[in-house]
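A.B. asks: There's a structure below that I have some questions on.
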Amino acid sequence: MRLLFLLFCAQFAWAQKAQIVRGPYLQSVTPTSVMVHWRTDTPVASLVYYRASGKVLTAVDTNRVIDHVVSLQHLKPATKYAYQIDSKSFTADRYVVTAPAFGSTKKVRIWALGDFGDGSASQKAVMNSIETYTRGDRPDAWIWLGDNAYNNGKDEEYQKNVFDVYQTAFLQNLPIYPSPGNHDYAGKHDPTVPPYFKIFNMPIQGEAGGLPSHAESYYSVNYGPVHLVALDTEMRDVTGLQLMDGKGMQYEWLKADLAANKLPWVVVYFHKPPYSKGSHDSDTELDMKHLREHVNPLFEQYKVDLVIAGHSHVYERSYPMRGHWGVNDTFDAATHVVATSTSPNQYVVGPKGQGVIYVVNGSGGKVGGQRPGFPMKSSVYTNNKIGGSVILDVDKRTFNLKWIQSDGVVGDEFVIKKP
């Protein structure tokens with residue numbers, strides 16, 4: 001009776017006072033759980049109705065708040081659940097699909113977006129191109145590569161340039177696994193400062209797969225056959241170290257997490273790229289240069305398939321590489337390219353493996369830039385004239401990347417196959 005009374009009170013308070021002003025959006029989606037976030041204009045209790053089929057279930061938090069986080073537990077893997085906050089009137093576009101069961105090798109589709117929340121026409125064109133391209137085969141998960149809200153990652157900038165833009169088409173039904181950039185940190189390196197860490201909730205206890213990080217800055221997710229690793233190029237840990245130093249808490253966790261992985265594909269993503277000659281220069285900007293020198297060897301050691309970043313407002317894709325940790329002029333294809341190609345952009349991984357492919361995908365809103373040496377000697381394909389974002393289609397043996405331009409054209413594509 002007490003629960004019924006509380007539910008009634010929550011419903012009554014909602015109907016009389018509260019309006020949703022942000023969200024809902026989906027966080028920390030695992031095979032058996034999801035966190036539903038939203039914001040209301042007045043403090044009320046939190047109530048979510050949800051169902052897969054048949055019986056309607058509820059999850060409630062009686063604390064009266066403006067920023068709501070409700071965890072739905074004991075769900076079934078790879079299952080679509082309709083959910084609603086303000087009533088039992090479920091709609092076709094408000095749902096969550098739980099992550100595949102751990103060990104699943106069925107195909108998954110992942111959307112990677114970087115440097116997007118600037119409020120530009122290009123941002124909206126990139127979004128529209130993905131909405132059109134994926135109609136009938138929607139992404140299963142969404143990874144963010146940092147600089148998500150310009151110019152300083154303020155709460156109001158997230159509202160205007162992220163939530164107000166993506167809410168209807170994507171945020172209410174597509175799980176987000178974000179990473180932060182320098183603009184999200186407003187140029188600082190203290191993770192207690194950015195609103196980013198109050199807006200988002202990351203799976204840091206290992207509940208989504210991978211090793212627990214116990215840090216919102218970095219974490220990993222097992223999503224079907226893909227091990228996703230989200231890193232933070234901006235955070236300075238309590239010892240004063242950053243990822244680019246090749247030591248410290250984040251680096252040691254990364255090393256352990258990659259060593260523990262058993263999935264066939266590994267994608268590592270973060271903000272500042274180790275190779276770029278677009279709007280940023282990885283030969284002269286020390287944070288990017290040091291990342292290349294100190295962390296890239298780890299990616300090679302653990303046979304990472306793709307490293308994808310933003311920051312530079314262009315698209316760049318490298319050859320599969322090993323051992324190229326110097327500046328652009330030191331690249332030698334005969335030495336540094338490690339790949340077996342059946343045809344252009346078609347790779348087959350043999351007993352000796354292949355190199356790591358590095359992609360800069362930083363034109364989800366911001367576009368353009370060129371530094372001396374563009375395009376890089378190590379690049380297979382580059383484009384600094386038009387915005388775009390990346391779609392990954394991955395199953396047990398095939399890894400397909402497409403860069404979808406804002407005009408809907410597939411500007412770049414490659415395929416990796418494993419036995």
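Starting from 1 in every chain, residues are counted up; chains themselves are A, B, ... following the order of the structure tokens, and ligands are numbered from 1 as listed.
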Env of Lys107 in chain A: 8 Å cut, atoms = only C-alpha atoms, seq-sep filter 2 positions within chain, self excluded. Answer as a short mmCIF file (atom, residue, chain, number, x, y, z; two decimals) with N, CA and C atoms, in the first residue's frame.

C.D. replies:
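Resulting contents of result-v9.cif:
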data_model
loop_
_atom_site.label_atom_id
_atom_site.label_comp_id
_atom_site.auth_asym_id
_atom_site.auth_seq_id
_atom_site.Cartn_x
_atom_site.Cartn_y
_atom_site.Cartn_z
N THR A 105 28.35 -12.80 -30.86
CA THR A 105 29.16 -12.41 -32.03
C THR A 105 28.30 -11.90 -33.17
N ARG A 109 26.06 -2.35 -34.88
CA ARG A 109 26.31 -1.10 -35.62
C ARG A 109 26.55 0.01 -34.60
N GLY A 224 28.71 -6.77 -28.03
CA GLY A 224 28.77 -7.82 -29.04
C GLY A 224 30.21 -8.28 -29.19
N PRO A 225 30.73 -8.35 -30.42
CA PRO A 225 32.10 -8.81 -30.63
C PRO A 225 33.16 -7.72 -30.46
N ASP A 393 30.22 -1.34 -38.69
CA ASP A 393 29.41 -2.56 -38.72
C ASP A 393 30.36 -3.72 -38.46
N VAL A 394 30.11 -4.44 -37.37
CA VAL A 394 31.09 -5.43 -36.91
C VAL A 394 30.39 -6.72 -36.51
N ASP A 395 30.91 -7.84 -37.03
CA ASP A 395 30.50 -9.14 -36.52
C ASP A 395 31.77 -9.91 -36.15
N LYS A 396 31.66 -11.20 -35.94
CA LYS A 396 32.78 -11.97 -35.40
C LYS A 396 34.02 -11.88 -36.27
#

A.B. asks: With only C-alpha atoms as the counted atoms, please give the residues lying no more than 7 Å from range 334-346 of chain A, apart from itself and same-chain residues fewer than 3 positions off, as a list in words.

C.D. replies: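 Close residues of range 334-346 of chain A: Tyr319, Pro320, Met321, Arg322, Gly323, His324, Phe331, Val349, Gln354, Gly355, Phe414, Val415 and Ile416 of chain A.
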
A.B. asks: Those residues with C-alpha atoms, as a compact mmCIF listing (two decimals), in the first residue's frame please?

C.D. replies:
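This is the output file result.txt:
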# COMPACT_ATOMS: atom_id res chain seq x y z
CA TYR A 319 47.44 2.70 -43.14
CA PRO A 320 47.54 -0.25 -40.69
CA MET A 321 50.78 0.73 -38.92
CA ARG A 322 53.37 -0.51 -36.48
CA GLY A 323 56.42 1.20 -35.10
CA HIS A 324 55.81 4.68 -36.51
CA PHE A 331 57.05 7.54 -42.04
CA VAL A 349 44.53 -10.38 -40.92
CA GLN A 354 48.34 -6.31 -38.95
CA GLY A 355 49.03 -2.79 -37.80
CA PHE A 414 37.51 -0.05 -45.44
CA VAL A 415 36.97 -3.66 -44.39
CA ILE A 416 39.08 -5.90 -42.15

A.B. asks: What's the separation between CA of Tyr269 in chain A and CA of Gly136 in chain A, in Å to one decimal place?

C.D. replies: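 Interatomic distance, CA of Tyr269 in chain A to CA of Gly136 in chain A: 26.5 Å.
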
A.B. asks: Check the smallest atom-to-atom distance from each of A:Gly54, A:Pro351, A:Pro194, A:Gly364 to Asp155 in chain A using only C-alpha atoms, then report the winner.

C.D. replies: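 Distance minimum relative to Asp155 in chain A lands on A:Pro194.
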
A.B. asks: Mind the document's chain letters and residue numbers, and return as a list of chain:residue names the residues of range 304-366 of chain A that DSSP labels strand (DSSP E).

C.D. replies: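 Residues of range 304-366 of chain A classed as strand (DSSP E): A:Leu306, A:Val307, A:Ile308, A:Ala309, A:Tyr315, A:Glu316, A:Arg317, A:Ser318, A:Ser341, A:Thr342, A:Ser343, A:Gln346, A:Tyr347, A:Val348, A:Ile357, A:Tyr358, A:Val359, A:Val360, A:Asn361.
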